[in-house]
Amino acid sequence: MADLLVEMTGITKSFPGVRALEDARFDLRPGEVHALVGENGAGKSTLMKILAGIYRRDAGTIRAKGQEVEIVSPRAAQDMGISIIHQELNLMGHLTVAQNVFIGREPRRGVLLDDRTLNRKAAELFEQLHIRLDPRARVSKLAVAQQQMVEIAKALSYNSDVLIMDEPTAALTDGEIAELFGIIRHLRELGHGIVHISHRLEELKQISDRVTVMRDARYIETVLTAEATIGQIISMMVGRTIFEATPELPETVDPTIVLDVSGLNRGRQVRDVSFQLHRGEILGVAGLVGAGRTEVMRSIFAADRPESGTITINGQPATIHAPSDAVRYGIAYLSEDRKRYGLALGMDVEINTVLASLRRFTSRFGWIRTGATRKQALEQVTSLAIKTPGITQQVKNLSGGNQQKVVMAKWLTADTDILIFDEPTRGIDVGAKSEIYRLLNDLARQGKSIIMISSELPEILRMSHRILVMCEGRITGELSSAEATQEAIMTLATQRESVAVA
Amino acid sequence: MQTAPAPARSRAQSLLTGESIQRLLALGALVILLVFFSLVVPHFASTANYIDILTATAVNGVLATGVTFVIITGGIDLSLGTAMTFCSVVAGIVSVNLGLPLPLGILAALAAGALVGLINGTLIAKMKLPPFIATLGMLYVTLGMAQVLSDVHPIYFEQTQPAFQQILMGKAILGIPNIVWVMFGAATVAWILLNRTILGRYTFALGSNEEATRLSGVNTDRWKIIVYIVDGLFVGLAGIVIASRMNSAQPGLGMGYELDAIAAAVIGGNSLSGGEGSVVGTIIGAFLISTLRIGLSVAGVPDQWKSVITGLVVIGAVYLDIIRRRSRA
């Protein structure tokens, strides 16, 4: 069809170790809002970043207005009329609204800047787009929603007819979303094509004309929004039937409550979160990226101080003001970013094992008792089956799975009883994953209590006794392992507040 | 619609959140200091002494103006002081050793400054060295080059045509040495560059969000190099000013001047994390430092203690900056 604004076919893209896109396709008509949905890691953002010139494709063709094109850079995309608004906004906070919109294209009189013309042009643009913004306001003083308007205006000031919005509503309140949708509808009437990447399915019903579903780096299907139900879209997103997911958990869970979190709040990411954790339990925490799962755990661990809420550990109220307090109460937090927050990469297995409990291995005069640390490290290497040439091996030389085990060794050495795993198998290959699973089960059997955040639904279903589902900082539901299905989790994970109230 | 409760802020913090408030704080501190010294220290309040303060500020004022550009981009320049010496040695070589006319020597000094800036900028923008390391390296390189070129001997500008010291240390207006006017002139040019030209716009944009600026289609590497070249030109000018003050190029001098200049910029409200700052603040900061030094020395405070007090002022200024930032976040 010649009247397509954009047509992508057969798009393939690999990153080291990951196939991000496999024969993906997408098209966009003038005057439509086309939603792109899929689970975390389905390839939506990658596909759109290729269209916006941020990544280069490995294979496939892209046509813009019927012509086959090569999009070599963000600048090239802009010249073709394709603009992207990233999830994390890209603005210069110290500059004004107008200065941001026209960055790189400042009107000048001779060598001097002509800020009067700049502000006038910005005001004209805003009027045309029905955006209410003061061109002279400093961007850092604006609310997120207004900053988003600045991004939209900036994108459209390049005369873009293709506007890609990556999760534009993630940080907005309902009122702000309504305003944004008003502007999107206006742009649609003007004939722009808008790509709307979102996790929020009921939102798509309000705003989009067509929906394309992606899963596991592949294109699944494109449907007219009016003709599909949210349930159908969810089942397309989840798709695969997974029988490998038979839980192999220790059946019995001690009824003793080791951790009781009540009324925890911190900003928009942690809202009135309450839950309990039992001894020997693996509690899965599911939700989409940005649902606030990590933020809840960081608040419990006091990596970020919560604004309110109480934490009770083993029946005693706990005052946790800093991560060191949390460790004293026996809580460990194993970050998803092991290399940054979990390990001293340049140091060896032995040091990393004892790093969180060095005091125990230090004599009265400040000497590290190397005999004891060596013994401890050797014990952990054996019991966790860490594959390393020796305990003097630098951690950076180990595989992802074994690095994760070293982090576990560290916290087990520190005698922690509550282990919070954030994406424990991220970046770990399939074989090593099942070994991590086995270790988690062993730990639970030994009476350790485990919270596991995971974005992989099969992993959550296979590993958890109980599953909490979060959306927008709230816990939207709790599922027992018997009643949990991918569909049930996705439904709760996309349950926005407006829907929850209704 | 529900509204989130406003976070509690202390009164002191909310007073510190204004736009150019730190500049005002610095100005206030400068005025208080001047009044204090004038009232308390005998012999401080005299025209000669005030002119001394102005004169003593000139070199640091020019250097600090140059580094203001770099600091607004979120960078730093540690090579300021020794590069300044290098530039004054170059001026000496050209107009004394080679016997060429003085204006050529002055141009050579500016060119030398621009060259150092070009190298700094290339190391940072193209080779991706952290500014701290790149300019630390250039600190030693320029220090060494100044000594190599001069053979570690001072070069005296005695027979230059026209006479060097007369031009710059003469008192053409209001009995104030010309180098003071040079400093104010340089600051005015810098103000226009920062606030009225595209260079200034990109200087702020780079410090505010370099990646966003790049994604907007601005050639950030090139502009960063230009910023360091501009910084270098001011360093060259400072080299000329200091040479005229001493009527010589002193290859042993230079270390430590970079710290005074950075301190002046910081006291004047330029944030080392980039994105904000002003030349006016920098000049006020430079005056604050020299007023403090001269006031303390007229009062008979030993040199060691002057350093201690200067240090405390810098720490205080940066701490205020941090509080201001935190309360705004």
# chains A, B, ... in the order shown; residues from 1 in each chain; ligands from 1

$ interface_residues --of "chain A" --to "chain B" --cutoff "12 Å" --atoms "only C-alpha atoms" --output "count of residues only"
59

$ residues_around --residues "A:Val33" --least-positions-apart "6" --cutoff "10 Å" --atoms "only C-alpha atoms" --output "number ranges by chain"
A: 163-164, 184-185, 187-188, 192-196, 204, 207-211

$ write_last_selection --atoms "N, CA and C atoms" --output "PDB file, in the first residue's frame"
ATOM      1  N   LEU A 163       5.034   9.833  14.977  1.00  0.00           N
ATOM      2  CA  LEU A 163       5.408  10.134  16.351  1.00  0.00           C
ATOM      3  C   LEU A 163       5.340   8.830  17.148  1.00  0.00           C
ATOM      4  N   ILE A 164       6.497   8.418  17.678  1.00  0.00           N
ATOM      5  CA  ILE A 164       6.540   7.178  18.454  1.00  0.00           C
ATOM      6  C   ILE A 164       6.593   7.551  19.925  1.00  0.00           C
ATOM      7  N   ILE A 184      -3.235  13.750  21.614  1.00  0.00           N
ATOM      8  CA  ILE A 184      -3.005  12.672  20.637  1.00  0.00           C
ATOM      9  C   ILE A 184      -4.160  12.625  19.628  1.00  0.00           C
ATOM     10  N   ARG A 185      -5.391  12.771  20.123  1.00  0.00           N
ATOM     11  CA  ARG A 185      -6.538  12.731  19.203  1.00  0.00           C
ATOM     12  C   ARG A 185      -6.486  13.890  18.221  1.00  0.00           C
ATOM     13  N   LEU A 187      -3.786  15.370  17.161  1.00  0.00           N
ATOM     14  CA  LEU A 187      -2.729  15.073  16.186  1.00  0.00           C
ATOM     15  C   LEU A 187      -3.228  14.073  15.141  1.00  0.00           C
ATOM     16  N   ARG A 188      -4.042  13.129  15.599  1.00  0.00           N
ATOM     17  CA  ARG A 188      -4.588  12.140  14.673  1.00  0.00           C
ATOM     18  C   ARG A 188      -5.465  12.820  13.634  1.00  0.00           C
ATOM     19  N   HIS A 192      -1.355  12.944  11.544  1.00  0.00           N
ATOM     20  CA  HIS A 192      -0.132  12.297  11.993  1.00  0.00           C
ATOM     21  C   HIS A 192      -0.403  10.831  12.297  1.00  0.00           C
ATOM     22  N   GLY A 193       0.630  10.018  12.145  1.00  0.00           N
ATOM     23  CA  GLY A 193       0.542   8.628  12.581  1.00  0.00           C
ATOM     24  C   GLY A 193       1.244   8.504  13.916  1.00  0.00           C
ATOM     25  N   ILE A 194       0.601   7.860  14.877  1.00  0.00           N
ATOM     26  CA  ILE A 194       1.177   7.795  16.212  1.00  0.00           C
ATOM     27  C   ILE A 194       1.334   6.342  16.654  1.00  0.00           C
ATOM     28  N   VAL A 195       2.533   5.997  17.076  1.00  0.00           N
ATOM     29  CA  VAL A 195       2.783   4.670  17.636  1.00  0.00           C
ATOM     30  C   VAL A 195       2.762   4.814  19.145  1.00  0.00           C
ATOM     31  N   HIS A 196       1.954   3.998  19.768  1.00  0.00           N
ATOM     32  CA  HIS A 196       1.777   4.104  21.210  1.00  0.00           C
ATOM     33  C   HIS A 196       2.209   2.774  21.831  1.00  0.00           C
ATOM     34  N   LEU A 204      -5.443   1.255  25.811  1.00  0.00           N
ATOM     35  CA  LEU A 204      -5.430   1.090  24.361  1.00  0.00           C
ATOM     36  C   LEU A 204      -6.843   1.169  23.803  1.00  0.00           C
ATOM     37  N   ILE A 207      -7.697   4.799  23.222  1.00  0.00           N
ATOM     38  CA  ILE A 207      -6.964   5.703  22.349  1.00  0.00           C
ATOM     39  C   ILE A 207      -6.588   5.119  20.985  1.00  0.00           C
ATOM     40  N   SER A 208      -6.464   3.781  20.891  1.00  0.00           N
ATOM     41  CA  SER A 208      -5.850   3.269  19.664  1.00  0.00           C
ATOM     42  C   SER A 208      -6.866   2.792  18.638  1.00  0.00           C
ATOM     43  N   ASP A 209      -6.425   2.774  17.378  1.00  0.00           N
ATOM     44  CA  ASP A 209      -7.251   2.257  16.296  1.00  0.00           C
ATOM     45  C   ASP A 209      -6.904   0.806  15.992  1.00  0.00           C
ATOM     46  N   ARG A 210      -5.605   0.520  16.015  1.00  0.00           N
ATOM     47  CA  ARG A 210      -5.156  -0.852  15.799  1.00  0.00           C
ATOM     48  C   ARG A 210      -4.176  -1.238  16.890  1.00  0.00           C
ATOM     49  N   VAL A 211      -4.039  -2.540  17.119  1.00  0.00           N
ATOM     50  CA  VAL A 211      -3.088  -3.040  18.107  1.00  0.00           C
ATOM     51  C   VAL A 211      -2.222  -4.103  17.449  1.00  0.00           C
TER      52      VAL A 211
END

$ residues_around --residues "B:Val266" --least-positions-apart "2" --cutoff "8 Å" --atoms "only C-alpha atoms" --output "mmCIF file with N, CA and C atoms, in the first residue's frame"
data_model
loop_
_atom_site.group_PDB
_atom_site.id
_atom_site.type_symbol
_atom_site.label_atom_id
_atom_site.label_comp_id
_atom_site.auth_asym_id
_atom_site.auth_seq_id
_atom_site.Cartn_x
_atom_site.Cartn_y
_atom_site.Cartn_z
ATOM 1 N N ILE B 262 38.999 27.938 40.117
ATOM 2 C CA ILE B 262 37.866 27.027 40.316
ATOM 3 C C ILE B 262 37.099 27.440 41.579
ATOM 4 N N ALA B 263 37.862 27.804 42.619
ATOM 5 C CA ALA B 263 37.216 28.246 43.858
ATOM 6 C C ALA B 263 36.344 29.468 43.604
ATOM 7 N N ALA B 264 36.853 30.413 42.818
ATOM 8 C CA ALA B 264 36.076 31.623 42.522
ATOM 9 C C ALA B 264 34.775 31.252 41.818
ATOM 10 N N GLY B 268 31.000 31.588 43.342
ATOM 11 C CA GLY B 268 30.049 32.400 42.590
ATOM 12 C C GLY B 268 28.826 31.640 42.129
ATOM 13 N N GLY B 269 28.649 30.412 42.566
ATOM 14 C CA GLY B 269 27.399 29.712 42.289
ATOM 15 C C GLY B 269 27.419 28.837 41.048
ATOM 16 N N ASN B 270 28.596 28.621 40.456
ATOM 17 C CA ASN B 270 28.662 27.699 39.332
ATOM 18 C C ASN B 270 28.692 26.284 39.883
ATOM 19 N N SER B 271 27.758 25.463 39.426
ATOM 20 C CA SER B 271 27.679 24.121 39.960
ATOM 21 C C SER B 271 28.624 23.196 39.212
ATOM 22 N N LEU B 272 29.427 22.456 39.976
ATOM 23 C CA LEU B 272 30.382 21.563 39.325
ATOM 24 C C LEU B 272 29.679 20.410 38.616
ATOM 25 N N THR B 282 30.991 34.362 38.972
ATOM 26 C CA THR B 282 32.416 34.039 38.984
ATOM 27 C C THR B 282 33.253 35.247 39.374
ATOM 28 N N GLY B 285 32.911 35.934 42.920
ATOM 29 C CA GLY B 285 33.692 34.945 43.657
ATOM 30 C C GLY B 285 35.169 35.306 43.666
ATOM 31 N N VAL B 314 35.351 28.125 50.676
ATOM 32 C CA VAL B 314 35.009 27.263 49.539
ATOM 33 C C VAL B 314 34.085 26.131 49.990
ATOM 34 N N ALA B 317 30.643 27.412 50.646
ATOM 35 C CA ALA B 317 29.911 27.772 49.433
ATOM 36 C C ALA B 317 29.358 26.525 48.749
ATOM 37 N N VAL B 318 30.191 25.485 48.667
ATOM 38 C CA VAL B 318 29.734 24.265 48.001
ATOM 39 C C VAL B 318 28.653 23.584 48.829
#

$ residues_around --residues "B:Phe69" --least-positions-apart "6" --cutoff "9 Å" --atoms "only C-alpha atoms" --output "number ranges by chain"
B: 75, 190, 194, 200, 203-204, 227-228, 230-231, 277-279

$ residues_around --residues "B:Ile76" --least-positions-apart "5" --cutoff "10 Å" --atoms "only C-alpha atoms" --output "PyMOL selection string"
chain B and resi 67-71+130-136+228+258+262+272-274

$ residues_around --residues "A:Leu345" --least-positions-apart "6" --cutoff "8 Å" --atoms "only C-alpha atoms" --output "PyMOL selection string"
chain A and resi 339+394-396

$ residues_around --residues "B:Ala125" --least-positions-apart "2" --cutoff "8 Å" --atoms "only C-alpha atoms" --output "list in words"
Gly121, Thr122, Leu123, Met127, Lys128, Leu129, Asp221, Arg222, Lys224 and Ile225 of chain B

$ select_by_dssp --residues "stretch 221-331 of chain A" --states "strand (DSSP E or B)" --output "count of residues only"
39

$ select_by_dssp --residues "stretch 213-315 of chain B" --states "helix (DSSP H, G or I)" --output "number ranges by chain"
B: 213-215, 220-246, 257-267, 279-298, 303-315

$ write_last_selection --atoms "C-alpha atoms" --output "short mmCIF file (atom, residue, chain, number, x, y, z; two decimals), in the first residue's frame"
data_model
loop_
_atom_site.label_atom_id
_atom_site.label_comp_id
_atom_site.auth_asym_id
_atom_site.auth_seq_id
_atom_site.Cartn_x
_atom_site.Cartn_y
_atom_site.Cartn_z
CA THR B 213 21.55 17.58 23.34
CA ARG B 214 23.29 15.05 21.11
CA LEU B 215 20.00 13.33 20.27
CA THR B 220 28.17 17.90 20.99
CA ASP B 221 31.77 16.80 20.52
CA ARG B 222 32.56 19.79 18.35
CA TRP B 223 30.90 22.25 20.72
CA LYS B 224 32.69 20.77 23.68
CA ILE B 225 36.01 21.29 21.94
CA ILE B 226 35.01 24.88 21.15
CA VAL B 227 34.18 25.44 24.81
CA TYR B 228 37.66 24.30 25.84
CA ILE B 229 39.22 26.50 23.14
CA VAL B 230 37.31 29.51 24.51
CA ASP B 231 38.54 28.56 27.96
CA GLY B 232 42.06 28.42 26.49
CA LEU B 233 41.74 31.90 24.99
CA PHE B 234 40.94 33.29 28.42
CA VAL B 235 43.92 31.38 29.81
CA GLY B 236 46.10 33.02 27.14
CA LEU B 237 44.72 36.41 28.12
CA ALA B 238 45.47 35.66 31.78
CA GLY B 239 49.02 34.78 30.71
CA ILE B 240 49.37 38.24 29.18
CA VAL B 241 47.90 39.93 32.24
CA ILE B 242 50.16 38.14 34.69
CA ALA B 243 53.23 38.78 32.52
CA SER B 244 52.44 42.49 32.44
CA ARG B 245 51.96 42.59 36.21
CA MET B 246 55.40 41.12 36.76
CA TYR B 257 46.20 29.41 40.18
CA GLU B 258 43.81 26.79 38.78
CA LEU B 259 42.52 26.13 42.27
CA ASP B 260 41.88 29.83 42.96
CA ALA B 261 40.00 30.10 39.68
CA ILE B 262 37.87 27.03 40.32
CA ALA B 263 37.22 28.25 43.86
CA ALA B 264 36.08 31.62 42.52
CA ALA B 265 33.68 29.95 40.09
CA VAL B 266 32.30 27.67 42.78
CA ILE B 267 31.83 30.46 45.32
CA VAL B 279 30.12 35.00 34.76
CA VAL B 280 28.79 37.62 37.15
CA GLY B 281 28.91 35.07 39.95
CA THR B 282 32.42 34.04 38.98
CA ILE B 283 33.72 37.62 39.09
CA ILE B 284 32.06 38.16 42.46
CA GLY B 285 33.69 34.94 43.66
CA ALA B 286 37.09 36.14 42.43
CA PHE B 287 36.64 39.44 44.29
CA LEU B 288 35.56 37.61 47.41
CA ILE B 289 38.76 35.59 47.44
CA SER B 290 41.08 38.55 46.92
CA THR B 291 39.19 40.74 49.41
CA LEU B 292 39.52 37.98 51.97
CA ARG B 293 43.24 37.57 51.29
CA ILE B 294 44.07 41.25 51.30
CA GLY B 295 41.80 42.05 54.23
CA LEU B 296 43.36 39.32 56.32
CA SER B 297 46.85 40.35 55.42
CA VAL B 298 46.23 44.05 56.19
CA ASP B 303 49.54 33.48 55.44
CA GLN B 304 48.85 29.99 56.79
CA TRP B 305 45.61 31.17 58.35
CA LYS B 306 44.55 32.95 55.18
CA SER B 307 44.66 29.62 53.39
CA VAL B 308 42.65 27.94 56.13
CA ILE B 309 39.97 30.61 55.92
CA THR B 310 39.85 30.56 52.11
CA GLY B 311 39.39 26.80 52.28
CA LEU B 312 36.54 27.09 54.75
CA VAL B 313 34.82 29.64 52.51
CA VAL B 314 35.01 27.26 49.54
CA ILE B 315 33.63 24.37 51.58
#

$ closest_residue --among "A:Gln146, A:Gln404, A:Gln128, A:Gln495" --to "A:Glu179" --atoms "only C-alpha atoms"
A:Gln146

$ atom_distance --atom1 "atom CA of A:Ala356" --atom2 "atom CA of A:Phe421"
16.3 Å

$ closest_residue --among "A:Met149, A:Ile311, A:Leu384, A:Leu190" --to "A:Asp442" --atoms "only C-alpha atoms"
A:Leu384

$ closest_residue --among "A:Arg56, A:Arg364, A:Arg338, A:His34" --to "A:Val213" --atoms "only C-alpha atoms"
A:His34

$ closest_residue --among "B:Ala83, B:Leu139, B:Ile93, B:Leu63" --to "B:Asp151" --atoms "only C-alpha atoms"
B:Ile93

$ atom_distance --atom1 "atom CA of B:His43" --atom2 "atom CA of B:Thr57"
19.5 Å

$ atom_distance --atom1 "atom CA of A:Val349" --atom2 "atom CA of A:Gln393"
6.0 Å
